[in-house]
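Trainee: Following this line is run_2.csv, made up of CSV, C-alpha atoms and all ligand atoms:
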```
chain,number,residue,atom,x,y,z
O,1,SER,CA,21.5,-11.5,14.4
O,2,ALA,CA,20.8,-9.9,11.1
O,3,GLU,CA,17.1,-9.7,11.9
O,4,ASP,CA,17.8,-7.2,14.7
O,5,SER,CA,19.1,-4.7,12.3
O,6,GLU,CA,16.2,-5.0,9.8
O,7,ALA,CA,13.0,-2.9,9.8
O,8,PHE,CA,9.8,-2.1,8.0
O,9,VAL,CA,9.6,1.6,7.5
O,10,THR,CA,6.6,3.8,6.6
O,11,LEU,CA,5.9,7.6,6.4
O,12,ALA,CA,3.2,9.9,7.6
O,13,THR,CA,3.2,13.7,7.1
O,14,THR,CA,-0.5,14.3,8.0
O,15,ASP,CA,-2.9,13.0,10.6
O,16,SER,CA,-4.9,11.1,8.0
O,17,TYR,CA,-1.9,9.2,6.7
O,18,CYS,CA,-1.1,8.4,10.4
O,19,LYS,CA,-4.3,6.3,10.3
O,20,GLY,CA,-2.9,4.3,7.4
O,21,ALA,CA,0.5,4.0,9.2
O,22,VAL,CA,-1.3,2.4,12.2
O,23,VAL,CA,-2.8,-0.2,10.0
O,24,VAL,CA,0.6,-0.9,8.4
O,25,ALA,CA,2.1,-1.6,11.8
O,26,ARG,CA,-0.9,-3.6,13.1
O,27,SER,CA,-1.1,-5.8,10.0
O,28,LEU,CA,2.7,-6.5,10.2
O,29,ARG,CA,2.3,-7.5,13.8
O,30,ARG,CA,-0.8,-9.6,13.2
O,31,HIS,CA,1.2,-11.7,10.8
O,32,GLY,CA,4.1,-12.1,13.2
O,33,THR,CA,6.9,-10.1,11.8
O,34,THR,CA,10.2,-10.6,13.6
O,35,ARG,CA,11.5,-7.3,12.4
O,36,SER,CA,11.3,-3.8,13.9
O,37,THR,CA,8.6,-1.4,12.7
O,38,VAL,CA,9.5,2.3,12.1
O,39,VAL,CA,7.4,5.3,11.1
O,40,MET,CA,8.9,8.6,10.0
O,41,VAL,CA,6.8,11.6,10.9
O,42,THR,CA,6.9,15.3,10.2
O,43,PRO,CA,6.6,18.0,13.0
O,44,ASN,CA,3.1,19.0,12.1
O,45,ILE,CA,1.6,15.7,13.2
O,46,SER,CA,-0.8,16.1,16.2
O,47,GLU,CA,0.1,14.9,19.7
O,48,GLN,CA,-2.8,12.4,19.5
O,49,SER,CA,-1.5,10.8,16.3
O,50,ARG,CA,1.9,10.6,17.7
O,51,PHE,CA,0.6,8.7,20.7
O,52,ALA,CA,-1.4,6.3,18.5
O,53,LEU,CA,1.8,5.6,16.5
O,54,LYS,CA,4.0,5.1,19.6
O,55,ASP,CA,1.5,2.5,20.7
O,56,VAL,CA,1.9,0.3,17.6
O,57,PHE,CA,5.4,1.1,16.2
O,58,ASP,CA,8.8,0.2,17.7
O,59,GLU,CA,10.2,3.6,16.6
O,60,VAL,CA,8.6,6.9,15.7
O,61,ILE,CA,11.3,9.0,14.0
O,62,PRO,CA,10.9,12.8,13.4
O,63,VAL,CA,12.0,14.0,10.0
O,64,ASP,CA,11.9,17.3,8.1
O,65,VAL,CA,9.4,17.9,5.3
O,66,MET,CA,10.9,17.7,1.8
O,67,ASP,CA,8.8,18.8,-1.1
O,68,SER,CA,9.6,18.7,-4.8
O,69,ASP,CA,7.4,21.8,-5.4
O,70,ASP,CA,7.2,20.5,-9.0
O,71,HIS,CA,3.7,21.5,-9.8
O,72,VAL,CA,4.0,20.8,-13.5
O,73,HIS,CA,4.9,17.1,-13.3
O,74,LEU,CA,2.6,16.6,-10.4
O,75,SER,CA,-0.3,17.9,-12.5
O,76,TRP,CA,0.6,15.3,-15.1
O,77,LEU,CA,0.3,12.7,-12.3
O,78,GLY,CA,-3.0,14.3,-11.3
O,79,ARG,CA,-1.9,14.3,-7.7
O,80,PRO,CA,-0.8,17.9,-6.8
O,81,GLU,CA,-0.4,16.8,-3.1
O,82,LEU,CA,2.4,14.3,-3.7
O,83,GLY,CA,5.4,16.7,-3.9
O,84,ILE,CA,5.8,15.9,-0.2
O,85,THR,CA,6.6,12.3,-1.0
O,86,PHE,CA,10.2,13.5,-1.4
O,87,THR,CA,10.1,13.2,2.4
O,88,LYS,CA,10.3,9.4,1.9
O,89,LEU,CA,14.0,9.8,0.8
O,90,HIS,CA,14.9,10.3,4.5
O,91,CYS,CA,14.5,6.5,4.9
O,92,TRP,CA,18.0,6.2,3.5
O,93,THR,CA,19.3,8.0,6.6
O,94,LEU,CA,18.1,5.2,9.0
O,95,THR,CA,21.6,3.7,9.2
O,96,GLN,CA,20.9,2.1,12.5
O,97,TYR,CA,19.4,-0.6,10.3
O,98,SER,CA,21.3,-2.6,7.7
O,99,LYS,CA,18.3,-3.4,5.5
O,100,CYS,CA,14.7,-2.1,5.3
O,101,VAL,CA,11.5,-2.6,3.5
O,102,PHE,CA,9.6,0.6,2.8
O,103,LEU,CA,5.8,0.4,2.8
O,104,ASP,CA,3.5,3.3,1.8
O,105,ALA,CA,1.1,4.3,4.6
O,106,ASP,CA,-1.8,3.2,2.3
O,107,THR,CA,-0.8,-0.5,2.3
O,108,LEU,CA,-2.3,-3.4,4.1
O,109,VAL,CA,-0.2,-6.5,4.9
O,110,LEU,CA,-2.2,-9.8,4.5
O,111,CYS,CA,0.4,-12.4,5.6
O,112,ASN,CA,4.0,-12.6,6.9
O,113,VAL,CA,6.3,-11.0,4.3
O,114,ASP,CA,9.6,-11.2,6.2
O,115,GLU,CA,11.0,-13.1,3.2
O,116,LEU,CA,11.4,-9.7,1.6
O,117,PHE,CA,14.5,-9.2,3.6
O,118,GLU,CA,16.2,-11.9,1.5
O,119,ARG,CA,16.1,-9.4,-1.4
O,120,ASP,CA,18.6,-6.6,-2.0
O,121,GLU,CA,18.4,-2.9,-2.9
O,122,LEU,CA,16.5,-1.9,-4.9
O,123,SER,CA,13.8,-4.5,-5.1
O,124,ALA,CA,10.2,-3.5,-6.0
O,125,ALA,CA,7.2,-4.6,-8.0
O,126,PRO,CA,6.2,-3.1,-11.4
O,127,ASP,CA,4.0,-0.1,-11.6
O,128,PRO,CA,0.7,-1.0,-13.3
O,129,GLY,CA,0.6,2.2,-15.2
O,130,TRP,CA,4.1,1.7,-16.8
O,131,PRO,CA,5.5,-1.8,-15.9
O,132,ASP,CA,9.1,-0.8,-16.9
O,133,CYS,CA,9.0,1.5,-13.9
O,134,PHE,CA,8.7,0.1,-10.3
O,135,ASN,CA,6.1,1.3,-8.0
O,136,SER,CA,7.6,3.0,-4.9
O,137,GLY,CA,4.8,2.0,-2.5
O,138,VAL,CA,6.8,-1.2,-1.5
O,139,PHE,CA,10.5,-1.5,-1.9
O,140,VAL,CA,13.6,-3.1,-0.3
O,141,PHE,CA,16.5,-0.8,0.4
O,142,ARG,CA,19.8,-0.4,2.3
O,143,PRO,CA,20.1,2.8,4.4
O,144,SER,CA,23.2,4.7,3.5
O,145,LEU,CA,24.2,8.3,3.8
O,146,HIS,CA,26.1,8.0,0.6
O,147,THR,CA,23.0,6.8,-1.3
O,148,HIS,CA,20.9,9.5,0.5
O,149,GLY,CA,23.3,12.2,-0.7
O,150,GLY,CA,23.3,10.7,-4.2
O,151,LEU,CA,19.5,10.9,-4.3
O,152,LEU,CA,19.4,14.5,-3.2
O,153,ASP,CA,22.0,15.4,-5.8
O,154,HIS,CA,20.1,13.6,-8.4
O,155,ALA,CA,16.9,15.4,-7.4
O,156,LEU,CA,18.7,18.8,-7.7
O,157,GLN,CA,20.2,18.0,-11.1
O,158,HIS,CA,17.4,16.1,-12.8
O,159,GLY,CA,14.3,16.6,-10.7
O,160,SER,CA,11.6,13.9,-10.8
O,161,PHE,CA,9.6,13.0,-13.9
O,162,ASP,CA,6.4,12.6,-11.9
O,163,GLY,CA,7.1,15.2,-9.3
O,164,GLY,CA,7.2,12.6,-6.5
O,165,ASP,CA,9.6,10.0,-5.1
O,166,GLN,CA,8.7,7.4,-7.7
O,167,GLY,CA,9.9,9.3,-10.7
O,168,LEU,CA,13.2,10.2,-8.9
O,169,LEU,CA,13.8,6.7,-7.6
O,170,ASN,CA,13.2,5.1,-11.0
O,171,SER,CA,15.7,7.4,-12.7
O,172,PHE,CA,18.2,6.9,-9.9
O,173,PHE,CA,17.8,3.1,-9.8
O,174,SER,CA,17.7,3.0,-13.6
O,175,SER,CA,18.9,-0.6,-14.0
O,176,TRP,CA,15.8,-2.0,-12.4
O,177,PRO,CA,13.8,-2.9,-15.5
O,178,ALA,CA,16.6,-4.7,-17.4
O,179,GLY,CA,18.8,-5.7,-14.5
O,180,ASP,CA,18.9,-8.4,-11.9
O,181,ILE,CA,15.6,-10.3,-12.1
O,182,SER,CA,15.6,-11.0,-8.3
O,183,LYS,CA,15.0,-7.3,-7.8
O,184,ARG,CA,11.6,-7.5,-9.5
O,185,LEU,CA,9.1,-8.4,-6.8
O,186,PRO,CA,6.1,-10.4,-7.7
O,187,PHE,CA,3.0,-8.2,-8.2
O,188,VAL,CA,1.3,-9.9,-5.2
O,189,TYR,CA,3.6,-7.8,-2.9
O,190,ASN,CA,2.1,-4.6,-4.2
O,191,LEU,CA,-1.4,-5.5,-5.4
O,192,ASN,CA,-3.6,-2.6,-6.4
O,193,ALA,CA,-7.1,-2.0,-7.7
O,194,SER,CA,-6.0,-1.5,-11.3
O,195,SER,CA,-5.5,-5.2,-11.8
O,196,PHE,CA,-9.1,-5.9,-11.0
O,197,TYR,CA,-10.2,-3.5,-13.7
O,198,SER,CA,-7.6,-4.2,-16.4
O,199,TYR,CA,-6.9,-7.9,-16.1
O,200,LEU,CA,-9.5,-9.6,-14.0
O,201,PRO,CA,-8.8,-13.2,-15.2
O,202,ALA,CA,-5.2,-12.8,-13.9
O,203,PHE,CA,-6.6,-11.6,-10.6
O,204,GLN,CA,-8.9,-14.7,-10.5
O,205,GLN,CA,-6.0,-16.9,-11.2
O,206,PHE,CA,-3.4,-15.4,-8.9
O,207,GLY,CA,-5.2,-13.0,-6.5
O,208,HIS,CA,-5.6,-15.5,-3.7
O,209,ASN,CA,-1.8,-15.2,-3.3
O,210,ALA,CA,-2.1,-11.5,-2.4
O,211,LYS,CA,0.4,-10.5,0.2
O,212,ILE,CA,0.3,-6.7,0.4
O,213,VAL,CA,-2.6,-4.6,-0.9
O,214,HIS,CA,-1.8,-1.0,-1.9
O,215,PHE,CA,-4.7,1.5,-2.0
O,216,LEU,CA,-3.0,3.5,-4.6
O,217,GLY,CA,-4.8,6.6,-5.9
O,218,ALA,CA,-6.6,9.6,-4.5
O,219,GLY,CA,-9.3,7.8,-2.6
O,220,LYS,CA,-7.9,6.1,0.5
O,221,PRO,CA,-9.8,3.7,2.8
O,222,TRP,CA,-9.9,6.3,5.5
O,223,SER,CA,-11.1,9.1,3.3
O,224,GLN,CA,-14.9,9.8,3.5
O,225,ARG,CA,-15.2,10.3,-0.2
O,226,GLU,CA,-17.5,7.8,-1.8
O,227,GLU,CA,-16.0,6.0,-4.6
O,228,SER,CA,-17.1,3.4,-7.0
O,229,ARG,CA,-15.0,0.4,-6.2
O,230,SER,CA,-15.1,-3.2,-7.3
O,231,LEU,CA,-16.5,-5.7,-4.9
O,232,THR,CA,-13.0,-7.0,-4.2
O,233,MET,CA,-11.7,-3.5,-3.4
O,234,GLN,CA,-14.6,-2.9,-1.1
O,235,GLN,CA,-13.8,-6.1,0.7
O,236,PHE,CA,-10.2,-5.0,1.1
O,237,VAL,CA,-11.4,-1.7,2.4
O,238,CYS,CA,-13.5,-3.5,5.0
O,239,LEU,CA,-10.5,-5.5,6.0
O,240,TRP,CA,-8.5,-2.3,6.3
O,241,TRP,CA,-11.3,-0.9,8.7
O,242,LYS,CA,-11.3,-4.1,10.7
O,243,GLU,CA,-7.5,-3.7,11.2
O,244,TYR,CA,-7.8,0.0,12.0
O,245,LEU,CA,-10.5,-0.6,14.6
O,246,SER,CA,-8.9,-3.8,16.1
O,247,ASP,CA,-7.3,-3.8,19.6
O,248,THR,CA,-9.6,-0.9,20.6
O,249,THR,CA,-10.8,-1.4,24.2
O,250,SER,CA,-13.1,1.5,24.9
O,251,SER,CA,-16.8,0.8,24.4
O,252,THR,CA,-17.3,3.7,22.0
O,253,ALA,CA,-14.7,2.2,19.8
O,254,GLY,CA,-16.4,-1.2,20.1
O,255,LYS,CA,-19.7,0.3,18.9
O,256,GLN,CA,-18.0,2.2,16.1
O,257,GLN,CA,-16.4,-1.1,15.1
O,258,GLN,CA,-19.8,-2.9,15.1
O,259,VAL,CA,-21.3,-0.1,13.0
O,260,ARG,CA,-18.4,-0.1,10.5
O,261,THR,CA,-18.4,-3.9,10.2
O,262,SER,CA,-22.1,-4.1,9.5
O,263,VAL,CA,-21.9,-1.2,7.0
O,264,CYS,CA,-19.1,-3.2,5.4
O,265,SER,CA,-21.2,-6.4,5.1
O,266,GLU,CA,-24.2,-4.5,3.8
O,267,ARG,CA,-22.1,-2.8,1.2
O,268,ALA,CA,-20.5,-6.1,0.2
O,269,ALA,CA,-24.0,-7.6,-0.2
O,270,GLU,CA,-25.2,-4.7,-2.3
O,271,ALA,CA,-22.1,-4.9,-4.4
O,272,GLU,CA,-22.5,-8.6,-4.9
O,273,ALA,CA,-26.1,-8.1,-6.0
O,274,ASP,CA,-25.1,-5.3,-8.4
O,275,GLU,CA,-22.3,-7.5,-9.8
O,276,GLU,CA,-24.7,-10.4,-10.3
O,277,ARG,CA,-27.2,-8.3,-12.1
O,278,LEU,CA,-24.5,-6.9,-14.3
O,279,GLN,CA,-23.1,-10.3,-15.0
O,280,HIS,CA,-26.5,-11.6,-15.9
O,281,ARG,CA,-27.0,-8.8,-18.4
O,282,ARG,CA,-23.5,-9.3,-19.9
O,283,LEU,CA,-24.0,-13.0,-20.3
O,284,TRP,CA,-27.4,-12.4,-21.9
O,285,GLU,CA,-26.0,-9.7,-24.2
O,286,ALA,CA,-22.9,-11.5,-25.2
O,287,GLY,CA,-24.2,-15.1,-25.1
O,288,ARG,CA,-21.0,-16.4,-23.7
O,289,ALA,CA,-19.5,-17.6,-20.4
O,290,ASP,CA,-18.2,-14.9,-18.1
O,291,TYR,CA,-15.7,-15.0,-15.3
O,292,LEU,CA,-17.6,-12.5,-13.1
O,293,GLY,CA,-19.7,-15.1,-11.3
O,294,ARG,CA,-20.5,-16.7,-7.9
O,295,ASP,CA,-17.2,-18.3,-7.9
O,296,THR,CA,-15.6,-14.9,-7.8
O,297,PHE,CA,-17.4,-14.0,-4.7
O,298,GLN,CA,-16.8,-17.3,-3.0
O,299,ASN,CA,-13.1,-17.3,-3.8
O,300,ILE,CA,-12.7,-13.8,-2.5
O,301,GLN,CA,-14.7,-14.7,0.6
O,302,LYS,CA,-12.4,-17.7,1.2
O,303,MET,CA,-9.4,-15.6,0.8
O,304,LEU,CA,-10.8,-13.0,3.3
O,305,ASP,CA,-11.7,-15.7,5.8
O,306,ARG,CA,-8.2,-17.0,5.7
O,307,PHE,CA,-6.7,-13.6,6.4
O,308,LEU,CA,-9.0,-12.9,9.2
O,309,ASP,CA,-8.5,-16.2,11.0
O,401,LIG,N1,2.4,10.6,2.2
O,401,LIG,C1,2.2,11.4,3.3
O,401,LIG,N2,1.5,12.6,3.3
O,401,LIG,C2,0.9,13.0,2.1
O,401,LIG,C3,1.1,12.2,0.9
O,401,LIG,C4,1.8,11.1,1.0
O,401,LIG,O1,2.7,11.0,4.4
O,401,LIG,O2,0.3,14.1,2.1
O,401,LIG,C5,3.2,9.4,2.2
O,401,LIG,C6,2.4,8.2,2.7
O,401,LIG,O3,3.3,7.3,3.3
O,401,LIG,C7,1.9,7.7,1.4
O,401,LIG,C8,3.1,7.9,0.5
O,401,LIG,O4,3.7,9.1,0.9
O,401,LIG,O5,1.5,6.3,1.4
O,401,LIG,C9,2.8,8.0,-1.0
O,401,LIG,O6,1.6,8.7,-1.2
O,401,LIG,P1,0.3,8.0,-1.7
O,401,LIG,O7,0.2,6.6,-1.1
O,401,LIG,O8,-0.9,8.8,-1.5
O,401,LIG,O9,0.5,7.8,-3.3
O,401,LIG,P2,-0.1,6.7,-4.3
O,401,LIG,O10,0.4,5.4,-3.8
O,401,LIG,O11,-1.6,6.9,-4.1
O,401,LIG,O12,0.4,7.1,-5.6
O,402,LIG,C1,3.2,6.4,-6.9
O,402,LIG,C2,3.5,5.6,-5.7
O,402,LIG,C3,3.7,6.4,-4.5
O,402,LIG,C4,4.6,7.6,-4.8
O,402,LIG,C5,3.9,8.4,-5.9
O,402,LIG,C6,4.7,9.7,-6.2
O,402,LIG,O1,2.0,6.3,-7.5
O,402,LIG,O2,2.5,4.6,-5.5
O,402,LIG,O3,4.3,5.6,-3.6
O,402,LIG,O4,4.8,8.3,-3.7
O,402,LIG,O5,3.8,7.7,-7.1
O,402,LIG,O6,5.9,9.5,-6.9
O,403,MN,MN,0.5,4.6,-1.9
```
Represent the structure from my file as structure tokens, please.
Ligand code: UDP
Ligand code: GLC
Ligand code: MN

Mentor:
Amino acid sequence: SAEDSEAFVTLATTDSYCKGAVVVARSLRRHGTTRSTVVMVTPNISEQSRFALKDVFDEVIPVDVMDSDDHVHLSWLGRPELGITFTKLHCWTLTQYSKCVFLDADTLVLCNVDELFERDELSAAPDPGWPDCFNSGVFVFRPSLHTHGGLLDHALQHGSFDGGDQGLLNSFFSSWPAGDISKRLPFVYNLNASSFYSYLPAFQQFGHNAKIVHFLGAGKPWSQREESRSLTMQQFVCLWWKEYLSDTTSSTAGKQQQVRTSVCSERAAEAEADEERLQHRRLWEAGRADYLGRDTFQNIQKMLDRFLD
């Protein structure tokens, strides 16, 4: 059947992105995907990471590093490390599959999203920073050596306007913003923190339909770096940790999980208290109703309970 030749694909070029990739695979499986799961890895990945990936993915495929080395554009993006995302382009060489969905290693799948395979190349959701561009953290594509060659030619001739894969893919698939509307994925397939900060009422209204969360930006759930995050983001980070630590059988891992989970609930409680104080002050100062209330927390909680069940 067609399903046999379809796959979810991700990429990891470092051991830390491998942690993210493990969560991508586990969360896809948890929600019962019928498709294959594939991770592309570069040769520098440690043996240990490779084993962890083999455990959760159907296929672990070695690829060469590709780097744009475009320091100027990457500095505009503020992410000097993302030249290596050119490695993502290798996904078009996976011609053993007829259709694939690429997911960044910093995504978390919240429900079954197999319906994405009904879409065609190149389907993706708008980028919150410039919605006439698509975000390349989640996209539907058709492996093809012809397209792969075209992308490499395009990279040599025009480079990438952000120094990473997203700039290149947007100029290559340039009909995306004004073309076939079915190629515009709903934002819930690539939900990222910026929506909580820039359009909270929309998140309140539509956020419970979240299907894939994307931890876009320099601070990843697995990075130690402390970041100020909204309550909702912290809860998604907790969910990410629960997925990362799930299925672990050793007792050390079990303890680690308990610690993590309790840290998560403490953090969530603190954040809730903070948010309530802030809301109280805002209401008091503005003398008007505010959408940052108890309901917010209860709705989010309901949503998380649903995902965890
Ligand atoms: N990536 C990787 N190694 C890196 C940087 C990126 O493997 O050093 C891969 C990984 O799959 C990651 C994707 O490229 O999810 C895009 O990078 P990132 O998610 O960090 O970009 P953002 O979504 O934050 O802009
Ligand atoms: C973006 C995308 C990411 C991509 C990066 C570099 O912010 O989320 O997937 O790799 O830009 O182009
Ligand atoms: Mn990403």

Trainee: Taking all atoms listed in the file and a cut-off of 9 Å, can you tell me which residues surround ligand LIG 401 (chain O), written as a PyMOL selection string?

Mentor: chain O and resi 10-18+20-21+40-42+77+79+81-88+103-107+135-137+164-166+214-220

Trainee: Could you write out the selected residues, including C-alpha atoms, as a PDB file, in the coordinates of the input?

Mentor:
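Okay, this is what ended up in part.pdb:
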```
ATOM      1  CA  THR O  10       6.600   3.800   6.600  1.00  0.00           C
ATOM      2  CA  LEU O  11       5.900   7.600   6.400  1.00  0.00           C
ATOM      3  CA  ALA O  12       3.200   9.900   7.600  1.00  0.00           C
ATOM      4  CA  THR O  13       3.200  13.700   7.100  1.00  0.00           C
ATOM      5  CA  THR O  14      -0.500  14.300   8.000  1.00  0.00           C
ATOM      6  CA  ASP O  15      -2.900  13.000  10.600  1.00  0.00           C
ATOM      7  CA  SER O  16      -4.900  11.100   8.000  1.00  0.00           C
ATOM      8  CA  TYR O  17      -1.900   9.200   6.700  1.00  0.00           C
ATOM      9  CA  CYS O  18      -1.100   8.400  10.400  1.00  0.00           C
ATOM     10  CA  GLY O  20      -2.900   4.300   7.400  1.00  0.00           C
ATOM     11  CA  ALA O  21       0.500   4.000   9.200  1.00  0.00           C
ATOM     12  CA  MET O  40       8.900   8.600  10.000  1.00  0.00           C
ATOM     13  CA  VAL O  41       6.800  11.600  10.900  1.00  0.00           C
ATOM     14  CA  THR O  42       6.900  15.300  10.200  1.00  0.00           C
ATOM     15  CA  LEU O  77       0.300  12.700 -12.300  1.00  0.00           C
ATOM     16  CA  ARG O  79      -1.900  14.300  -7.700  1.00  0.00           C
ATOM     17  CA  GLU O  81      -0.400  16.800  -3.100  1.00  0.00           C
ATOM     18  CA  LEU O  82       2.400  14.300  -3.700  1.00  0.00           C
ATOM     19  CA  GLY O  83       5.400  16.700  -3.900  1.00  0.00           C
ATOM     20  CA  ILE O  84       5.800  15.900  -0.200  1.00  0.00           C
ATOM     21  CA  THR O  85       6.600  12.300  -1.000  1.00  0.00           C
ATOM     22  CA  PHE O  86      10.200  13.500  -1.400  1.00  0.00           C
ATOM     23  CA  THR O  87      10.100  13.200   2.400  1.00  0.00           C
ATOM     24  CA  LYS O  88      10.300   9.400   1.900  1.00  0.00           C
ATOM     25  CA  LEU O 103       5.800   0.400   2.800  1.00  0.00           C
ATOM     26  CA  ASP O 104       3.500   3.300   1.800  1.00  0.00           C
ATOM     27  CA  ALA O 105       1.100   4.300   4.600  1.00  0.00           C
ATOM     28  CA  ASP O 106      -1.800   3.200   2.300  1.00  0.00           C
ATOM     29  CA  THR O 107      -0.800  -0.500   2.300  1.00  0.00           C
ATOM     30  CA  ASN O 135       6.100   1.300  -8.000  1.00  0.00           C
ATOM     31  CA  SER O 136       7.600   3.000  -4.900  1.00  0.00           C
ATOM     32  CA  GLY O 137       4.800   2.000  -2.500  1.00  0.00           C
ATOM     33  CA  GLY O 164       7.200  12.600  -6.500  1.00  0.00           C
ATOM     34  CA  ASP O 165       9.600  10.000  -5.100  1.00  0.00           C
ATOM     35  CA  GLN O 166       8.700   7.400  -7.700  1.00  0.00           C
ATOM     36  CA  HIS O 214      -1.800  -1.000  -1.900  1.00  0.00           C
ATOM     37  CA  PHE O 215      -4.700   1.500  -2.000  1.00  0.00           C
ATOM     38  CA  LEU O 216      -3.000   3.500  -4.600  1.00  0.00           C
ATOM     39  CA  GLY O 217      -4.800   6.600  -5.900  1.00  0.00           C
ATOM     40  CA  ALA O 218      -6.600   9.600  -4.500  1.00  0.00           C
ATOM     41  CA  GLY O 219      -9.300   7.800  -2.600  1.00  0.00           C
ATOM     42  CA  LYS O 220      -7.900   6.100   0.500  1.00  0.00           C
TER      43      LYS O 220
END
```

Trainee: So, counting all atoms listed in the file, which residue among O:Gly159, O:Pro177, O:Pro221, O:Pro186 is closest to ligand LIG 402 (chain O)?

Mentor: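 Of O:Gly159, O:Pro177, O:Pro221, O:Pro186, the one nearest ligand LIG 402 (chain O), counting all atoms listed in the file, is O:Gly159.
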
Trainee: Interatomic distance between atom CA of Leu108 of chain O and atom C1 of ligand LIG 402 (chain O)?

Mentor: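 Between atom CA of Leu108 of chain O and atom C1 of ligand LIG 402 (chain O) the gap is 15.7 Å.
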
Trainee: When you count all atoms listed in the file, which of these residues is closest to Phe57 of chain O: O:Ala124, O:Ala7, O:Leu145, O:Ala178?

Mentor: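 Closest candidate: O:Ala7.
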
Trainee: Between O:Arg29, O:Arg119, O:His73, O:Arg142, single out the one closest to ligand LIG 402 (chain O), counting all atoms listed in the file.

Mentor: O:His73

Trainee: Which one is closest to ligand LIG 402 (chain O): O:Tyr97, O:Trp222, O:Phe117, O:Trp76? Count all atoms listed in the file.

Mentor: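 For ligand LIG 402 (chain O), the nearest of the candidates is O:Trp76.
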
Trainee: Rank O:Ser171, O:Ala202, O:Pro131, O:Cys91 by their smallest atom-to-atom distance to Thr147 of chain O, using only C-alpha atoms, and report the top residue only.

Mentor: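 Once distances to Thr147 of chain O are computed over only C-alpha atoms, the minimum belongs to O:Cys91.
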
Trainee: For the atom pair atom CA of Tyr244 of chain O and atom CA of Asp55 of chain O, what is the interatomic distance in Å to one decimal place?

Mentor: 13.0 Å

Trainee: At a cut-off of 8 Å around the point (12.3, 0.5, -2.2) (file coordinates), what residues fall inside when counting only C-alpha atoms? I'd like the answer as a list in words.

Mentor: Val101, Phe102, Glu121, Leu122, Ser123, Ala124, Ser136, Gly137, Val138, Phe139, Val140 and Phe141 of chain O

Trainee: Under the rule that only C-alpha atoms and all ligand atoms are counted, which of O:Cys111, O:Val56, O:Leu74, O:Leu94 is the nearest residue to ligand LIG 402 (chain O)?

Mentor: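 Selected residue with least distance to ligand LIG 402 (chain O): O:Leu74.
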
Trainee: Need to verify the contact set: Val188 of chain O, 8 Å, all atoms listed in the file, exclusion of same-chain residues closer than 4 positions in sequence. Can you return it as a PyMOL selection string?

Mentor: chain O and resi 207+209-213

Trainee: Do you have the atom CA of Glu243 of chain O-atom CA of Val23 of chain O distance handy?

Mentor: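 Atom CA of Val23 of chain O lies at a distance of 6.0 Å from atom CA of Glu243 of chain O.
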